[in-house]
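Report on one structure; see the data block that follows.
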Amino acid sequence: MVIHESAEDYLESILILQERCGSVRSIDIVNELGYSKPSVSIAMKKLRESGYISMATDGTITLNNSGMEVATRIYGRHKTLTRLFTMLGVGAETAAEDACKVEHDVSDETFVKIRKFVEQNEC
């Protein structure tokens, strides 16, 4: 199944928020991403219907296995690309912003080489 960049961003944000806060609600995603409440609500409905997330009756959002897989992959790419860009001398904030743009589009083949390079050249 093809997953769109926006869905990847939502899933990645849920993972980051779970790591930071323990539990996640739609309002946390609104605050994290700066999107409107209706946009986040629509996105959560689509992710739930696609089987990527579950929502408890209290509004808590949990990544299902498929959602966790996507979120982990994208967040791993993000962290590796951010490290690469900072190794190249890019400022931390710019490196993280640029990683967000690249993480979705770089091929698996290229990413494997980037990850290997970063692992071999980190101090």
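Each chain of the structure tokens is named A, B, ... in the order shown, its residues numbered from 1; ligands are numbered from 1 in display order.
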Contact check, region 1-57 of chain A to region 102-122 of chain A, at most 10 Å, counting only C-alpha atoms, closest pairs as CSV:
```
residue,atom,partner,partner_atom,distance
A:His4,CA,A:His104,CA,8.9
A:Glu5,CA,A:His104,CA,6.3
A:Ser6,CA,A:His104,CA,9.6
A:Glu8,CA,A:His104,CA,8.0
A:Asp9,CA,A:His104,CA,9.0
```
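Neighbours of Ala95 (chain A) closer than or equal to 8 Å, with only C-alpha atoms counted and sequence neighbours fewer than 4 positions away skipped, come out as Leu81, Thr82, Arg83, Phe85, Thr86, Val90, Gly91 and Ala99 of chain A.
Shortest atom-to-atom contact with Thr80 (chain A) among A:Ser39, A:Asp58, A:Gly51, A:Cys100: A:Cys100, counting only C-alpha atoms.
Taking only C-alpha atoms into account, Gly22 (chain A) lies nearest to A:Ile61 out of the set A:Leu84, A:Ile74, A:Ile61, A:Met68.
Non-sequential neighbours of Ser23 (chain A) (distance at most 9 Å, separation of 3 or more positions within a chain, only C-alpha atoms) are Ile14, Leu17, Gln18, Glu19, Arg20, Thr60, Ile61 and Thr62 of chain A.
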Quiz prompt | DSSP-assigned helix (DSSP H, G or I) members of chain A, reported as a PyMOL selection string | solution = chain A and resi 5-21+26-33+37-49+65-87+92-102+108-121
Export C-alpha atoms of the chosen residues as a PDB file, in the first residue's frame?
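Once everything was written out, this is result-v3.pdb:
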```pdb
ATOM      1  CA  GLU A   5       4.052  11.998   2.697  1.00  0.00           C
ATOM      2  CA  SER A   6       1.486  13.748   4.891  1.00  0.00           C
ATOM      3  CA  ALA A   7       0.439  10.437   6.468  1.00  0.00           C
ATOM      4  CA  GLU A   8       4.103   9.616   7.091  1.00  0.00           C
ATOM      5  CA  ASP A   9       4.500  12.995   8.830  1.00  0.00           C
ATOM      6  CA  TYR A  10       1.503  12.345  11.070  1.00  0.00           C
ATOM      7  CA  LEU A  11       2.703   8.860  12.009  1.00  0.00           C
ATOM      8  CA  GLU A  12       6.227  10.133  12.685  1.00  0.00           C
ATOM      9  CA  SER A  13       4.805  12.902  14.882  1.00  0.00           C
ATOM     10  CA  ILE A  14       2.719  10.414  16.846  1.00  0.00           C
ATOM     11  CA  LEU A  15       5.846   8.327  17.493  1.00  0.00           C
ATOM     12  CA  ILE A  16       7.848  11.368  18.591  1.00  0.00           C
ATOM     13  CA  LEU A  17       5.053  12.531  20.885  1.00  0.00           C
ATOM     14  CA  GLN A  18       4.673   9.034  22.375  1.00  0.00           C
ATOM     15  CA  GLU A  19       8.393   8.991  23.146  1.00  0.00           C
ATOM     16  CA  ARG A  20       8.274  12.490  24.631  1.00  0.00           C
ATOM     17  CA  CYS A  21       4.938  12.428  26.484  1.00  0.00           C
ATOM     18  CA  SER A  26      -5.195  14.871  18.521  1.00  0.00           C
ATOM     19  CA  ILE A  27      -4.611  18.220  20.255  1.00  0.00           C
ATOM     20  CA  ASP A  28      -0.988  17.224  20.859  1.00  0.00           C
ATOM     21  CA  ILE A  29      -0.560  16.696  17.121  1.00  0.00           C
ATOM     22  CA  VAL A  30      -2.226  20.055  16.424  1.00  0.00           C
ATOM     23  CA  ASN A  31       0.260  21.733  18.769  1.00  0.00           C
ATOM     24  CA  GLU A  32       3.254  19.784  17.426  1.00  0.00           C
ATOM     25  CA  LEU A  33       2.610  20.335  13.719  1.00  0.00           C
ATOM     26  CA  LYS A  37      -7.952  20.808  14.563  1.00  0.00           C
ATOM     27  CA  PRO A  38     -10.239  19.841  11.651  1.00  0.00           C
ATOM     28  CA  SER A  39      -7.263  18.873   9.461  1.00  0.00           C
ATOM     29  CA  VAL A  40      -5.805  16.669  12.179  1.00  0.00           C
ATOM     30  CA  SER A  41      -9.216  15.136  12.897  1.00  0.00           C
ATOM     31  CA  ILE A  42      -9.683  14.199   9.233  1.00  0.00           C
ATOM     32  CA  ALA A  43      -6.166  12.786   9.034  1.00  0.00           C
ATOM     33  CA  MET A  44      -6.634  10.697  12.194  1.00  0.00           C
ATOM     34  CA  LYS A  45      -9.882   9.294  10.792  1.00  0.00           C
ATOM     35  CA  LYS A  46      -8.109   8.268   7.577  1.00  0.00           C
ATOM     36  CA  LEU A  47      -5.187   6.725   9.469  1.00  0.00           C
ATOM     37  CA  ARG A  48      -7.605   4.831  11.723  1.00  0.00           C
ATOM     38  CA  GLU A  49      -9.625   3.564   8.753  1.00  0.00           C
ATOM     39  CA  ASN A  65       1.955  -2.400  13.954  1.00  0.00           C
ATOM     40  CA  SER A  66       1.710  -1.005  10.419  1.00  0.00           C
ATOM     41  CA  GLY A  67       1.737   2.578  11.727  1.00  0.00           C
ATOM     42  CA  MET A  68       4.700   1.872  13.990  1.00  0.00           C
ATOM     43  CA  GLU A  69       6.583   0.357  11.054  1.00  0.00           C
ATOM     44  CA  VAL A  70       6.085   3.471   8.897  1.00  0.00           C
ATOM     45  CA  ALA A  71       6.780   5.885  11.781  1.00  0.00           C
ATOM     46  CA  THR A  72       9.957   4.077  12.819  1.00  0.00           C
ATOM     47  CA  ARG A  73      11.256   3.988   9.248  1.00  0.00           C
ATOM     48  CA  ILE A  74      10.601   7.678   8.615  1.00  0.00           C
ATOM     49  CA  TYR A  75      11.910   8.824  12.008  1.00  0.00           C
ATOM     50  CA  GLY A  76      15.046   6.711  11.535  1.00  0.00           C
ATOM     51  CA  ARG A  77      15.614   8.343   8.154  1.00  0.00           C
ATOM     52  CA  HIS A  78      15.037  11.752   9.727  1.00  0.00           C
ATOM     53  CA  LYS A  79      17.603  11.191  12.479  1.00  0.00           C
ATOM     54  CA  THR A  80      20.217   9.789  10.084  1.00  0.00           C
ATOM     55  CA  LEU A  81      19.776  12.570   7.540  1.00  0.00           C
ATOM     56  CA  THR A  82      19.923  15.198  10.288  1.00  0.00           C
ATOM     57  CA  ARG A  83      23.210  13.692  11.486  1.00  0.00           C
ATOM     58  CA  LEU A  84      24.594  13.701   7.935  1.00  0.00           C
ATOM     59  CA  PHE A  85      23.683  17.330   7.364  1.00  0.00           C
ATOM     60  CA  THR A  86      25.182  18.417  10.699  1.00  0.00           C
ATOM     61  CA  MET A  87      28.340  16.453   9.877  1.00  0.00           C
ATOM     62  CA  ALA A  92      21.063  21.855  13.713  1.00  0.00           C
ATOM     63  CA  GLU A  93      17.729  23.568  13.023  1.00  0.00           C
ATOM     64  CA  THR A  94      18.301  23.770   9.256  1.00  0.00           C
ATOM     65  CA  ALA A  95      19.581  20.185   9.200  1.00  0.00           C
ATOM     66  CA  ALA A  96      16.392  18.943  10.880  1.00  0.00           C
ATOM     67  CA  GLU A  97      14.173  20.981   8.552  1.00  0.00           C
ATOM     68  CA  ASP A  98      16.001  19.719   5.464  1.00  0.00           C
ATOM     69  CA  ALA A  99      15.874  16.138   6.747  1.00  0.00           C
ATOM     70  CA  CYS A 100      12.070  16.460   6.905  1.00  0.00           C
ATOM     71  CA  LYS A 101      12.034  17.343   3.227  1.00  0.00           C
ATOM     72  CA  VAL A 102      14.420  14.605   2.094  1.00  0.00           C
ATOM     73  CA  ASP A 108      16.050   2.975  -0.209  1.00  0.00           C
ATOM     74  CA  GLU A 109      19.308   2.308  -2.074  1.00  0.00           C
ATOM     75  CA  THR A 110      20.591   5.838  -1.483  1.00  0.00           C
ATOM     76  CA  PHE A 111      19.461   5.866   2.124  1.00  0.00           C
ATOM     77  CA  VAL A 112      21.304   2.622   2.892  1.00  0.00           C
ATOM     78  CA  LYS A 113      24.506   4.213   1.567  1.00  0.00           C
ATOM     79  CA  ILE A 114      23.886   7.416   3.555  1.00  0.00           C
ATOM     80  CA  ARG A 115      23.301   5.451   6.759  1.00  0.00           C
ATOM     81  CA  LYS A 116      26.476   3.422   6.203  1.00  0.00           C
ATOM     82  CA  PHE A 117      28.462   6.607   5.556  1.00  0.00           C
ATOM     83  CA  VAL A 118      27.126   8.323   8.671  1.00  0.00           C
ATOM     84  CA  GLU A 119      27.803   5.277  10.870  1.00  0.00           C
ATOM     85  CA  GLN A 120      31.380   5.003   9.570  1.00  0.00           C
ATOM     86  CA  ASN A 121      32.156   8.702   9.983  1.00  0.00           C
TER      87      ASN A 121
END
```
Quiz item: Got a sec to tell me which of chain A DSSP assigns to strand (DSSP E or B), as a ChimeraX atom specification?
Solution: /A:24,53-55,61-63
